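Visitor: What follows is data.txt, made up of compact mmCIF, C-alpha atoms:
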# COMPACT_ATOMS: atom_id res chain seq x y z
CA MET P 203 25.55 -91.75 156.07
CA GLN P 204 24.24 -88.18 155.73
CA ARG P 205 22.30 -89.10 152.57
CA PHE P 206 20.81 -92.11 154.41
CA GLY P 207 19.75 -89.85 157.32
CA ARG P 208 18.12 -87.41 154.93
CA ARG P 209 16.20 -90.26 153.27
CA ILE P 210 14.95 -91.46 156.67
CA ALA P 211 13.86 -87.92 157.58
CA ALA P 212 12.08 -87.46 154.24
CA ALA P 213 10.28 -90.78 154.65
CA GLY P 214 9.17 -89.78 158.15
CA THR P 215 7.83 -86.47 156.89
CA ALA P 216 5.86 -88.25 154.16
CA VAL P 217 4.28 -90.60 156.72
CA VAL P 218 3.27 -87.71 158.98
CA THR P 219 1.80 -85.78 156.03
CA SER P 220 -0.19 -88.83 154.96
CA LEU P 221 -1.59 -89.26 158.47
CA LEU P 222 -2.61 -85.60 158.67
CA LEU P 223 -4.38 -85.76 155.31
CA ALA P 224 -6.26 -88.83 156.49
CA LEU P 225 -7.66 -87.05 159.56
CA PRO P 226 -11.26 -85.74 159.25
CA LEU P 227 -11.61 -81.99 158.83
CA ALA P 228 -12.87 -80.08 161.86
CA ALA P 229 -16.50 -79.00 161.61
CA VAL P 230 -16.99 -75.36 160.68
CA PRO P 231 -19.15 -73.56 163.27
CA ALA P 232 -22.59 -72.64 161.93
CA HIS P 233 -23.57 -68.99 161.73
CA ALA P 234 -25.91 -67.84 164.49
CA ALA P 235 -28.47 -66.51 162.00
CA THR P 236 -28.83 -66.14 158.24
CA HIS P 237 -31.10 -63.10 158.45
CA ASN P 238 -31.88 -60.45 161.01
CA PRO P 239 -34.65 -61.89 163.18
CA VAL P 240 -38.00 -60.27 162.44
CA VAL P 241 -40.12 -59.13 165.39
CA PHE P 242 -43.76 -58.58 164.44
CA VAL P 243 -45.97 -56.10 166.34
CA HIS P 244 -49.74 -56.44 165.83
CA GLY P 245 -52.36 -53.73 166.24
CA LEU P 246 -55.60 -53.02 168.07
CA SER P 247 -58.03 -55.92 168.69
CA SER P 248 -55.46 -58.38 167.37
CA ASP P 249 -52.76 -60.83 168.42
CA ALA P 250 -49.77 -62.76 167.09
CA SER P 251 -51.96 -64.93 164.83
CA SER P 252 -52.59 -61.94 162.56
CA TRP P 253 -49.09 -62.57 161.14
CA ASP P 254 -49.65 -66.23 160.24
CA ASP P 255 -49.72 -65.61 156.48
CA TRP P 256 -46.56 -63.53 156.43
CA ILE P 257 -44.80 -65.94 158.78
CA ALA P 258 -45.53 -68.72 156.27
CA ASP P 259 -44.32 -66.50 153.42
CA PHE P 260 -41.05 -65.66 155.20
CA LYS P 261 -40.45 -69.36 155.89
CA ALA P 262 -41.08 -70.19 152.24
CA ASP P 263 -38.44 -67.61 151.36
CA GLY P 264 -35.77 -69.16 153.58
CA TYR P 265 -36.29 -67.75 157.06
CA SER P 266 -36.16 -70.21 159.95
CA ALA P 267 -38.76 -70.35 162.69
CA SER P 268 -36.25 -68.94 165.19
CA GLU P 269 -35.82 -65.85 163.00
CA LEU P 270 -39.56 -65.01 163.08
CA ASP P 271 -41.05 -63.73 166.33
CA ALA P 272 -44.75 -62.90 166.42
CA TRP P 273 -45.73 -62.07 169.99
CA SER P 274 -48.94 -60.92 171.64
CA TYR P 275 -49.51 -58.09 174.11
CA SER P 276 -52.49 -56.47 175.78
CA TRP P 277 -53.63 -54.05 173.07
CA SER P 278 -55.87 -52.02 175.40
CA GLN P 279 -52.94 -50.74 177.47
CA SER P 280 -50.91 -47.62 176.77
CA ASN P 281 -48.57 -47.83 173.80
CA VAL P 282 -45.85 -46.71 176.21
CA THR P 283 -46.31 -49.89 178.25
CA THR P 284 -46.29 -51.96 175.07
CA ALA P 285 -43.07 -50.23 173.97
CA GLN P 286 -41.43 -51.22 177.24
CA GLN P 287 -42.52 -54.81 176.74
CA LEU P 288 -41.27 -54.69 173.16
CA ALA P 289 -37.85 -53.59 174.42
CA THR P 290 -37.74 -56.70 176.60
CA GLU P 291 -38.92 -58.91 173.74
CA VAL P 292 -36.24 -57.61 171.38
CA GLN P 293 -33.52 -58.38 173.91
CA ARG P 294 -34.93 -61.89 174.38
CA VAL P 295 -34.83 -62.50 170.62
CA LEU P 296 -31.28 -61.19 170.33
CA ARG P 297 -30.09 -63.50 173.11
CA ALA P 298 -31.91 -66.50 171.63
CA THR P 299 -30.58 -66.01 168.10
CA GLY P 300 -27.15 -64.50 168.71
CA ALA P 301 -28.02 -61.66 166.31
CA SER P 302 -26.93 -58.08 166.96
CA LYS P 303 -30.05 -56.43 165.51
CA VAL P 304 -33.65 -57.25 164.61
CA ASP P 305 -36.06 -55.96 161.98
CA LEU P 306 -39.40 -54.62 163.27
CA VAL P 307 -42.49 -55.26 161.13
CA THR P 308 -45.64 -53.59 162.46
CA HIS P 309 -49.31 -53.27 161.58
CA SER P 310 -51.74 -50.46 162.37
CA MET P 311 -51.40 -49.35 166.01
CA GLY P 312 -48.33 -51.57 166.39
CA ALA P 313 -46.34 -48.88 164.59
CA LEU P 314 -46.89 -46.50 167.52
CA SER P 315 -45.39 -48.63 170.29
CA ALA P 316 -42.52 -49.66 168.01
CA ARG P 317 -41.76 -46.05 167.11
CA TYR P 318 -41.92 -45.06 170.78
CA TYR P 319 -39.39 -47.80 171.52
CA LEU P 320 -37.10 -46.51 168.78
CA LYS P 321 -37.40 -42.86 169.77
CA ASN P 322 -37.47 -43.02 173.57
CA LEU P 323 -36.15 -46.38 174.78
CA GLY P 324 -32.88 -46.77 172.88
CA GLY P 325 -34.32 -49.10 170.27
CA THR P 326 -32.33 -47.62 167.39
CA ALA P 327 -29.25 -49.45 168.72
CA TYR P 328 -30.94 -52.83 168.23
CA VAL P 329 -33.06 -52.36 165.11
CA ASP P 330 -31.84 -52.47 161.52
CA ASP P 331 -35.09 -52.00 159.56
CA PHE P 332 -38.54 -50.73 160.61
CA VAL P 333 -41.70 -51.41 158.61
CA SER P 334 -45.09 -49.83 159.14
CA ALA P 335 -47.98 -51.54 157.32
CA ALA P 336 -51.11 -49.37 157.54
CA GLY P 337 -49.54 -47.64 160.51
CA VAL P 338 -51.63 -45.06 162.37
CA ASN P 339 -48.58 -42.82 162.45
CA HIS P 340 -50.34 -39.45 162.63
CA GLY P 341 -53.62 -40.62 164.12
CA THR P 342 -57.08 -41.34 162.85
CA THR P 343 -60.50 -39.94 163.75
CA THR P 344 -61.85 -43.48 163.37
CA ALA P 345 -60.45 -44.10 166.86
CA SER P 346 -63.33 -42.08 168.30
CA TRP P 347 -65.37 -45.29 168.67
CA CYS P 348 -63.01 -46.67 171.29
CA SER P 349 -61.01 -43.69 172.58
CA TRP P 350 -63.29 -43.37 175.60
CA LEU P 351 -62.77 -47.02 176.50
CA TYR P 352 -59.11 -47.91 175.89
CA THR P 353 -55.95 -45.92 176.62
CA SER P 354 -54.28 -47.23 173.48
CA CYS P 355 -57.19 -46.08 171.33
CA ALA P 356 -57.22 -42.60 172.88
CA GLU P 357 -53.52 -42.28 172.05
CA MET P 358 -54.33 -43.22 168.45
CA TYR P 359 -56.88 -40.43 167.99
CA THR P 360 -55.80 -37.54 165.77
CA GLY P 361 -54.12 -34.77 167.77
CA SER P 362 -53.59 -36.79 170.97
CA SER P 363 -50.78 -35.70 173.28
CA PHE P 364 -49.14 -39.08 172.71
CA LEU P 365 -48.99 -38.57 168.94
CA THR P 366 -47.92 -34.94 169.27
CA ALA P 367 -44.91 -35.99 171.34
CA LEU P 368 -44.13 -39.04 169.18
CA ASN P 369 -44.10 -37.01 165.97
CA SER P 370 -42.23 -34.00 167.33
CA GLY P 371 -38.78 -33.52 165.83
CA ASP P 372 -37.37 -36.42 163.83
CA GLU P 373 -40.03 -38.98 162.87
CA THR P 374 -37.40 -41.50 161.74
CA PRO P 375 -34.55 -41.28 164.28
CA GLY P 376 -31.22 -43.08 164.32
CA GLY P 377 -29.53 -45.19 161.67
CA VAL P 378 -32.60 -47.38 161.18
CA ALA P 379 -34.05 -47.81 157.67
CA TYR P 380 -37.75 -46.90 157.78
CA ALA P 381 -40.54 -47.85 155.38
CA SER P 382 -44.28 -47.18 155.49
CA TYR P 383 -46.72 -49.06 153.27
CA TRP P 384 -50.18 -47.53 152.97
CA SER P 385 -53.40 -48.05 151.05
CA ASN P 386 -55.43 -45.43 149.21
CA CYS P 387 -58.69 -47.00 150.42
CA ASP P 388 -57.89 -47.80 154.06
CA GLU P 389 -61.19 -47.67 155.93
CA ALA P 390 -59.50 -47.40 159.33
CA LEU P 391 -57.14 -44.53 158.55
CA THR P 392 -58.64 -41.08 158.09
CA PRO P 393 -57.02 -39.72 156.05
CA ASP P 394 -55.14 -42.56 154.36
CA THR P 395 -52.01 -40.41 154.24
CA THR P 396 -51.76 -40.43 158.04
CA ALA P 397 -49.52 -43.47 157.52
CA ILE P 398 -46.79 -41.46 155.78
CA LEU P 399 -43.61 -40.90 157.80
CA SER P 400 -41.21 -38.05 157.15
CA GLY P 401 -37.80 -39.51 156.28
CA ALA P 402 -39.13 -42.99 155.47
CA THR P 403 -39.56 -44.89 152.22
CA ASN P 404 -43.31 -44.32 151.78
CA VAL P 405 -45.08 -46.71 149.40
CA GLU P 406 -48.71 -46.48 148.29
CA VAL P 407 -49.72 -50.08 147.57
CA GLY P 408 -53.05 -49.40 145.92
CA CYS P 409 -56.44 -50.36 147.30
CA VAL P 410 -55.87 -52.91 150.06
CA SER P 411 -58.16 -53.08 153.09
CA HIS P 412 -56.77 -52.22 156.51
CA THR P 413 -57.08 -55.77 157.84
CA ASP P 414 -55.49 -57.23 154.70
CA MET P 415 -52.41 -55.02 154.81
CA ASN P 416 -50.45 -57.52 156.92
CA ASN P 417 -51.46 -60.65 155.03
CA ASP P 418 -51.56 -59.38 151.44
CA HIS P 419 -48.88 -61.23 149.44
CA GLY P 420 -48.03 -58.31 147.19
CA VAL P 421 -47.35 -56.09 150.20
CA TYR P 422 -45.39 -58.94 151.77
CA GLU P 423 -43.05 -59.16 148.79
CA GLN P 424 -42.21 -55.47 149.11
CA VAL P 425 -41.63 -55.79 152.86
CA ARG P 426 -39.46 -58.88 152.37
CA ASP P 427 -37.31 -57.07 149.83
CA PHE P 428 -36.97 -54.05 152.12
CA VAL P 429 -35.79 -56.01 155.17
CA GLY P 430 -33.89 -58.68 153.23
Could you take the file, read its structure, and then write that structure out as structure tokens?
Guide:
Amino acid sequence: MQRFGRRIAAAGTAVVTSLLLALPLAAVPAHAATHNPVVFVHGLSSDASSWDDWIADFKADGYSASELDAWSYSWSQSNVTTAQQLATEVQRVLRATGASKVDLVTHSMGALSARYYLKNLGGTAYVDDFVSAAGVNHGTTTASWCSWLYTSCAEMYTGSSFLTALNSGDETPGGVAYASYWSNCDEALTPDTTAILSGATNVEVGCVSHTDMNNDHGVYEQVRDFVG
């Protein structure tokens, strides 16, 4: 009788096991993001469309549209105001993607508001990598043409109080990885070496025009590898 009971129990176990194996496997939750979202910050006299080429390049290299955020702001306003708006934009992107940090990729004057955000508005807690492409990091005398007209341009002029404060102390604060890509024939930066940041990975890319620095494919490949 005991052997019969054990056979019944064994048969029951086999049936249950067969049923469990026949059930479909539960779906594995998808990851919120494959890469850190990239937030692009344009420069003077520009807008989000200036990033169209690099957006297409990032997509071709596996980034999704939700991981690429090119936004526009009023470039004539103070870089401080833009930095405050950037702080809001970064938080929006983090909520939308579920990521914990973003990468900032900037061009020209865009480097100034982004660096202000990192230095003064707590941005280092939310940014993994920072890229400056032809960034006006230490000012340019070329800004004299518009410094009398726009606040942002006056802040960009060599020796401005904005730049003096921004570059005082640590130019690359926090645990963020910084890179600056600059051209040796940049017509907008005087001198070209104004783009160099102390503590950053500084890369001279050769002779690339100022306006081409954020759509040149060779520069893109270096930026992609840095933030990837």
Visitor: Would you pick out the contacts of stretch 409-424 of chain P at 8 Å or less, using only C-alpha atoms, so that residues sharing its chain but fewer than 3 positions from it are not included, and give the list as a PyMOL selection string?
Guide: chain P and resi 252-256+259+309-310+335-336+383+385-391+427-428
Visitor: Hey, can you check how far atom CA of P:Phe364 sits from atom CA of P:Leu320?
Guide: 14.7 Å
Visitor: Find the residues near P:Leu399: any atom within 7 Å, counting only C-alpha atoms, skip ones fewer than 3 places away on the same chain, and give them as a ChimeraX atom specification.
Guide: /P:373,382,402,404
Visitor: Using Å and a single decimal, report how far atom CA of P:His340 sits from atom CA of P:Tyr359.
Guide: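 Here the two named atoms are 8.5 Å from each other.
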Visitor: Around the point (-30.8, -50.2, 166.8) in the file's coordinates, collect all residues with an atom within 9 Å, using only C-alpha atoms, and return them as a PyMOL selection string.
Guide: chain P and resi 302-304+320+324-331+376-378
Visitor: Which residue gives the smallest distance to P:Thr299 among P:Thr236, P:Gln286, P:Ser280, P:Ser346, with only C-alpha atoms counted?
Guide: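 Selected residue with least distance to P:Thr299: P:Thr236.
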Visitor: Box in all listed atoms of stretch 369-387 of chain P, axis-aligned, with 5 Å more on each side; write out centre and edge lengths in Å to one decimal as AutoDock Vina command-line options.
Guide:
--center_x -44.1 --center_y -41.3 --center_z 158.3 --size_x 39.2 --size_y 25.5 --size_z 28.1
Visitor: Taking all atoms listed in the file into account, which of P:Ser268, P:Thr342, P:Thr353, P:Ser251 comes nearest P:Val282?
Guide: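 Selected residue with least distance to P:Val282: P:Thr353.
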Visitor: Emit a file covering stretch 234-268 of chain P of the preceding structure with N, CA and C atoms, as an mmCIF file, in the first residue's frame.
Guide:
data_model
loop_
_atom_site.group_PDB
_atom_site.id
_atom_site.type_symbol
_atom_site.label_atom_id
_atom_site.label_comp_id
_atom_site.auth_asym_id
_atom_site.auth_seq_id
_atom_site.Cartn_x
_atom_site.Cartn_y
_atom_site.Cartn_z
ATOM 1 N N ALA P 234 15.202 50.696 -18.882
ATOM 2 C CA ALA P 234 14.689 52.042 -19.140
ATOM 3 C C ALA P 234 15.461 52.716 -20.271
ATOM 4 N N ALA P 235 16.769 52.525 -20.326
ATOM 5 C CA ALA P 235 17.565 53.145 -21.377
ATOM 6 C C ALA P 235 18.833 52.333 -21.605
ATOM 7 N N THR P 236 19.278 52.287 -22.855
ATOM 8 C CA THR P 236 20.501 51.574 -23.193
ATOM 9 C C THR P 236 21.719 52.452 -22.947
ATOM 10 N N HIS P 237 21.577 53.737 -23.223
ATOM 11 C CA HIS P 237 22.660 54.687 -23.036
ATOM 12 C C HIS P 237 22.203 55.811 -22.105
ATOM 13 N N ASN P 238 23.166 56.566 -21.600
ATOM 14 C CA ASN P 238 22.788 57.819 -20.957
ATOM 15 C C ASN P 238 22.123 58.697 -22.014
ATOM 16 N N PRO P 239 21.005 59.328 -21.696
ATOM 17 C CA PRO P 239 20.445 60.288 -22.648
ATOM 18 C C PRO P 239 21.449 61.406 -22.901
ATOM 19 N N VAL P 240 21.473 61.912 -24.119
ATOM 20 C CA VAL P 240 22.354 63.019 -24.472
ATOM 21 C C VAL P 240 21.516 64.283 -24.604
ATOM 22 N N VAL P 241 21.893 65.321 -23.852
ATOM 23 C CA VAL P 241 21.237 66.622 -23.952
ATOM 24 C C VAL P 241 22.197 67.550 -24.692
ATOM 25 N N PHE P 242 21.732 68.103 -25.807
ATOM 26 C CA PHE P 242 22.557 68.958 -26.654
ATOM 27 C C PHE P 242 22.247 70.433 -26.370
ATOM 28 N N VAL P 243 23.301 71.247 -26.254
ATOM 29 C CA VAL P 243 23.129 72.676 -25.967
ATOM 30 C C VAL P 243 23.806 73.476 -27.076
ATOM 31 N N HIS P 244 22.999 74.171 -27.879
ATOM 32 C CA HIS P 244 23.522 74.932 -29.018
ATOM 33 C C HIS P 244 24.148 76.254 -28.566
ATOM 34 N N GLY P 245 24.665 77.004 -29.511
ATOM 35 C CA GLY P 245 25.330 78.257 -29.202
ATOM 36 C C GLY P 245 24.590 79.484 -29.690
ATOM 37 N N LEU P 246 25.333 80.573 -29.815
ATOM 38 C CA LEU P 246 24.781 81.865 -30.230
ATOM 39 C C LEU P 246 24.212 81.789 -31.645
ATOM 40 N N SER P 247 23.117 82.499 -31.877
ATOM 41 C CA SER P 247 22.482 82.584 -33.200
ATOM 42 C C SER P 247 22.147 81.207 -33.767
ATOM 43 N N SER P 248 21.739 80.299 -32.908
ATOM 44 C CA SER P 248 21.479 78.931 -33.355
ATOM 45 C C SER P 248 20.238 78.371 -32.675
ATOM 46 N N ASP P 249 19.955 77.111 -32.929
ATOM 47 C CA ASP P 249 18.822 76.447 -32.296
ATOM 48 C C ASP P 249 19.046 74.938 -32.351
ATOM 49 N N ALA P 250 18.044 74.173 -31.963
ATOM 50 C CA ALA P 250 18.179 72.720 -31.869
ATOM 51 C C ALA P 250 18.538 72.069 -33.196
ATOM 52 N N SER P 251 18.150 72.692 -34.315
ATOM 53 C CA SER P 251 18.397 72.076 -35.628
ATOM 54 C C SER P 251 19.881 71.991 -35.958
ATOM 55 N N SER P 252 20.718 72.741 -35.240
ATOM 56 C CA SER P 252 22.155 72.692 -35.515
ATOM 57 C C SER P 252 22.754 71.326 -35.187
ATOM 58 N N TRP P 253 21.985 70.497 -34.469
ATOM 59 C CA TRP P 253 22.451 69.161 -34.079
ATOM 60 C C TRP P 253 21.920 68.061 -34.983
ATOM 61 N N ASP P 254 21.219 68.407 -36.050
ATOM 62 C CA ASP P 254 20.546 67.394 -36.872
ATOM 63 C C ASP P 254 21.511 66.310 -37.374
ATOM 64 N N ASP P 255 22.689 66.708 -37.822
ATOM 65 C CA ASP P 255 23.640 65.726 -38.348
ATOM 66 C C ASP P 255 24.101 64.758 -37.266
ATOM 67 N N TRP P 256 24.439 65.291 -36.106
ATOM 68 C CA TRP P 256 24.914 64.411 -35.029
ATOM 69 C C TRP P 256 23.785 63.562 -34.461
ATOM 70 N N ILE P 257 22.573 64.105 -34.430
ATOM 71 C CA ILE P 257 21.421 63.301 -33.998
ATOM 72 C C ILE P 257 21.286 62.082 -34.916
ATOM 73 N N ALA P 258 21.385 62.310 -36.224
ATOM 74 C CA ALA P 258 21.290 61.207 -37.187
ATOM 75 C C ALA P 258 22.438 60.216 -36.989
ATOM 76 N N ASP P 259 23.630 60.728 -36.694
ATOM 77 C CA ASP P 259 24.778 59.853 -36.477
ATOM 78 C C ASP P 259 24.585 58.998 -35.222
ATOM 79 N N PHE P 260 24.114 59.616 -34.141
ATOM 80 C CA PHE P 260 23.874 58.861 -32.907
ATOM 81 C C PHE P 260 22.819 57.773 -33.131
ATOM 82 N N LYS P 261 21.773 58.094 -33.871
ATOM 83 C CA LYS P 261 20.732 57.101 -34.157
ATOM 84 C C LYS P 261 21.311 55.945 -34.973
ATOM 85 N N ALA P 262 22.151 56.270 -35.941
ATOM 86 C CA ALA P 262 22.763 55.226 -36.759
ATOM 87 C C ALA P 262 23.659 54.314 -35.924
ATOM 88 N N ASP P 263 24.148 54.842 -34.810
ATOM 89 C CA ASP P 263 25.016 54.065 -33.928
ATOM 90 C C ASP P 263 24.269 53.450 -32.745
ATOM 91 N N GLY P 264 22.930 53.410 -32.826
ATOM 92 C CA GLY P 264 22.162 52.635 -31.858
ATOM 93 C C GLY P 264 21.413 53.403 -30.800
ATOM 94 N N TYR P 265 21.510 54.715 -30.804
ATOM 95 C CA TYR P 265 20.744 55.500 -29.834
ATOM 96 C C TYR P 265 19.298 55.625 -30.315
ATOM 97 N N SER P 266 18.371 55.623 -29.370
ATOM 98 C CA SER P 266 16.961 55.823 -29.714
ATOM 99 C C SER P 266 16.638 57.309 -29.680
ATOM 100 N N ALA P 267 15.527 57.668 -30.294
ATOM 101 C CA ALA P 267 15.116 59.074 -30.328
ATOM 102 C C ALA P 267 14.924 59.626 -28.922
ATOM 103 N N SER P 268 14.427 58.793 -28.001
ATOM 104 C CA SER P 268 14.172 59.257 -26.638
ATOM 105 C C SER P 268 15.454 59.532 -25.864
#
